[in-house]
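Each remark here refers to the structure printed beneath this line.
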Amino acid sequence: SAFPASAGLTEEQKEFQKVALDFAAKEMAPHMAEWDEKEIFPVETMRKAAQLGFGGIYVKPDVGGSGLSRLDTSIIFEALSTGCTSTTAYMSIHNMCVWMIDTFGSEEQRHKFCPSLCSMEKFASYCLTEPGSGSDAASLLTSAQRKGDTYILNGSKAFISGGGDTDVYVVMCRTGGPGPKGISCLVLEKGTPGLSFGKKEKKVGWNSQPTRAVIFEDCVVPVGNRLGAEGQGFNIAMKGLNGGRINIASCSLGAAHACVLLAQEHLTVRKQFGEPLANNQLSLSCWQYLQFRLAEMATRLVAARLMVRNAARALQEGREDAAVLCSMAKLFATDECFGICNQALQMHGGYGYLKDYAVQQFVRDIRVHQILEGTNEVMRMIVARNLLQG
């Protein structure tokens with residue numbers, strides 16, 4: 001390949017990249033279409049992935065995590081996403097939740113929740129977005145009123161990945177006044193009285209993971225289930241999202257890589273005028289156009305990958321510019337990679353629109369990456385604000 005995903009990696013990184021690629025090829029790709037068509041949440045497959053250390057990739061080892069870096073994590077999610085982007089994207093959200101508990105939780109909380117989440121015996125969901133507060137997360141209305149050693153939680157969350165099928169909910173809620181400083185973070189377990197779920201949403205893509213509203217009606221949550229101090233929730237949420245943006249951008253890289261390979265294969269197999277499209281001399285302009293398009297796709301993929309990995313390093317190192325680099329990487333990679341996948345579909349012609357061909361599923365699954373973990377419009381706002389304040 002002219003654009004190897006292993007370029008510049010250490011031998012150790014190449015090794016677990018290979019493990020992830022093999023798992024994607026053998027355990028995910030053969031079932032990707034079925035999971036999409038039948039809307040199957042592949043719990044057992046994800047538990048197999050957790051046996052390889054992919055349930056808590058950047059979580060500390062003392063609670064069952066793999067203790068890897070943000071760059072290592074990006075490499076793994078990119079590799080897994082070549083097998084099923086939707087499933088990998090859920091795994092990235094699950095990993096983000098476990099990291100939040102590991103990083104901001106007490107020792108008791110870490111040892112209570114993280115081991116079963118790292119093994120994926122249990123699964124986690126991230127609950128920030130509400131029906132009336134998407135991009136403006138600081139205006140969320142879900143409230144938690146303290147009553148002795150408990151909180152009484154009321155409100156609802158929208159578009160929650162895994163909602164209803166998962167076991168642990170990391171919930172951002174208002175314990176104080178308006179604005180970000182009034183927000184705290186609670187961990188809620190499935191089965192808590194008053195916790196319920198909306199209907200399973202019908203989606204364009206991401207069909208291997210359920211999406212539902214999560215509803216709280218006088219849920220009693222122990223104060224001991226609060227991560228960090230009161231008022232720290234918004235900060236916890238944003239720190240989680242910095243990594244989440246790298247994770248989802250990495251999933252986009254995997255989908256785009258798979259689509260470039262699918263387009264490459266199609267051009268060498270598909271015939272027009274008796275010759276493969278890749279070397280069709282009867283229509284020189286068409287031949288050059290397709291070659292140039294393929295070259296552009298590979299170039300854009302490499303550029304996006306470099307940007308994501310640079311941001312991952314910055315986040316791991318705790319650099320001051322990490323947040324804006326994560327926003328830039330999420331913006332650039334998800335936009336470019338969707339364009340790559342969409343172009344691959346176009347190069348397949350009518351075949352690309354058939355569900356027998358994987359390229360259309362990558363297009364459908366990757367589209368939402370430009371919306372979640374902060375819309376790409378919000379990413380532009382973050383980058384512009386950083387430039388103007390500088």
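Please note that chains go A, B, ... in the order of the structure tokens, that every chain numbers its residues from 1, and that ligands are numbered from 1 in the order shown.
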What are the closest atom pairs, with distances in Å to one decimal, for each residue of region 194-221 of chain A lying within 8 Å of region 163-185 of chain A, using only C-alpha atoms, rows by chain and rising residue number, as JSON lines?
{"residue": "A:Ser196", "atom": "CA", "partner": "A:Gly164", "partner_atom": "CA", "distance": 7.7}
{"residue": "A:Phe197", "atom": "CA", "partner": "A:Gly164", "partner_atom": "CA", "distance": 5.9}
{"residue": "A:Pro210", "atom": "CA", "partner": "A:Gly163", "partner_atom": "CA", "distance": 6.5}
{"residue": "A:Thr211", "atom": "CA", "partner": "A:Gly163", "partner_atom": "CA", "distance": 5.6}
{"residue": "A:Arg212", "atom": "CA", "partner": "A:Gly163", "partner_atom": "CA", "distance": 5.0}
{"residue": "A:Ala213", "atom": "CA", "partner": "A:Gly163", "partner_atom": "CA", "distance": 6.8}
{"residue": "A:Val214", "atom": "CA", "partner": "A:Gly163", "partner_atom": "CA", "distance": 6.4}
Please tabulate, as a Markdown table, the residues of region 141-215 of chain A that come within 8 Å of region 89-105 of chain A, each with its closest pair of atoms and the distance in Å to one decimal, counting only C-alpha atoms and ordering rows by chain, then residue number upward.
| residue | atom | partner | partner_atom | distance |
| --- | --- | --- | --- | --- |
| A:Ser161 | CA | A:Tyr90 | CA | 6.8 |
| A:Gly162 | CA | A:Tyr90 | CA | 7.5 |
| A:Val170 | CA | A:Cys97 | CA | 6.7 |
| A:Gln209 | CA | A:Tyr90 | CA | 6.7 |
Keeping N, CA and C atoms for every residue in the selection just given, could you write it to a file as a short mmCIF file (atom, residue, chain, number, x, y, z; two decimals), in the first residue's frame?
data_model
loop_
_atom_site.label_atom_id
_atom_site.label_comp_id
_atom_site.auth_asym_id
_atom_site.auth_seq_id
_atom_site.Cartn_x
_atom_site.Cartn_y
_atom_site.Cartn_z
N SER A 161 -26.14 6.60 23.02
CA SER A 161 -25.65 5.35 22.44
C SER A 161 -25.64 4.26 23.49
N GLY A 162 -26.26 3.14 23.15
CA GLY A 162 -26.36 2.02 24.08
C GLY A 162 -27.52 2.13 25.04
N VAL A 170 -23.14 7.40 32.76
CA VAL A 170 -22.37 8.54 33.28
C VAL A 170 -23.16 9.80 32.90
N GLN A 209 -25.61 -0.43 17.20
CA GLN A 209 -25.72 0.05 18.58
C GLN A 209 -27.07 0.73 18.76
#
Leaving out Ala33 (chain A) and any residue of its chain fewer than 5 positions from it, which residues lie within 12 Å of it when counting only C-alpha atoms, given as a list in words?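 Everything that qualifies: Met28, Lys38, Glu39, Ile40, Gly83, Cys84, Thr85, Ser86, Thr87, Gly205, Trp206, Asn207, Ser208, Leu354, Lys355, Asp356, Tyr357, Ala358, Val359, Gln360, Gln361, Phe362, Arg364 and Asp365 of chain A.
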Need the shell around Thr88 (chain A): protein/DNA/RNA residues with any atom at most 10 Å away, counting only C-alpha atoms. Skip same-chain ones fewer than 6 positions apart. Format as a count of residues only? 19
Nearest to Leu227 (chain A), chosen from A:Arg146, A:His31, A:Lys203, A:Arg110, with only C-alpha atoms counted in the distances: A:Arg110
Would you mind telling me which residue in A:Met347, A:Asn225, A:Ala333, A:Asn342 lies nearest to Phe292 (chain A) when using only C-alpha atoms?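 The answer is A:Met347, which sits nearest to Phe292 (chain A).
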Point-to-point distance from CA of His369 (chain A) to CA of Glu37 (chain A), Å rounded to tenths: 19.9 Å
At a cut-off of 9 Å, using only C-alpha atoms, what residues contact region 294-310 of chain A? Leave out same-chain residues fewer than 4 positions from it and give the result as number ranges by chain. A: 2-5, 70-71, 74-75, 246, 249-250, 253, 256-257, 260, 263-264, 289-290, 314-315, 325-326, 328-330, 332-334, 336-337, 339-341, 343-344
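Put simply, CA of Gly349 (chain A) is 21.9 Å away from CA of Asp36 (chain A).
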Could you jot down the CA of Asp149 (chain A) to CA of Val220 (chain A) separation for me, Å, one decimal place?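 Going from CA of Asp149 (chain A) over to CA of Val220 (chain A) covers 9.9 Å.
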So which one's closest to Val368 (chain A), A:Ala323, A:Leu387, A:Val204, A:Leu195? Using only C-alpha atoms, please.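 Among A:Ala323, A:Leu387, A:Val204, A:Leu195, it is A:Val204 that comes nearest to Val368 (chain A).
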Please determine, counting only C-alpha atoms, which residue among A:Ala144, A:Ala237, A:Leu345, A:Ile382 has the shortest atom-to-atom distance to His266 (chain A).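 The closest residue to His266 (chain A) is A:Leu345.
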List the spatial neighbours of Gly132 (chain A) as a PyMOL selection string - criterion: any atom at most 10 Å away, only C-alpha atoms, same-chain residues fewer than 2 positions off excluded. chain A and resi 129-130+134-137+139-141+156-158
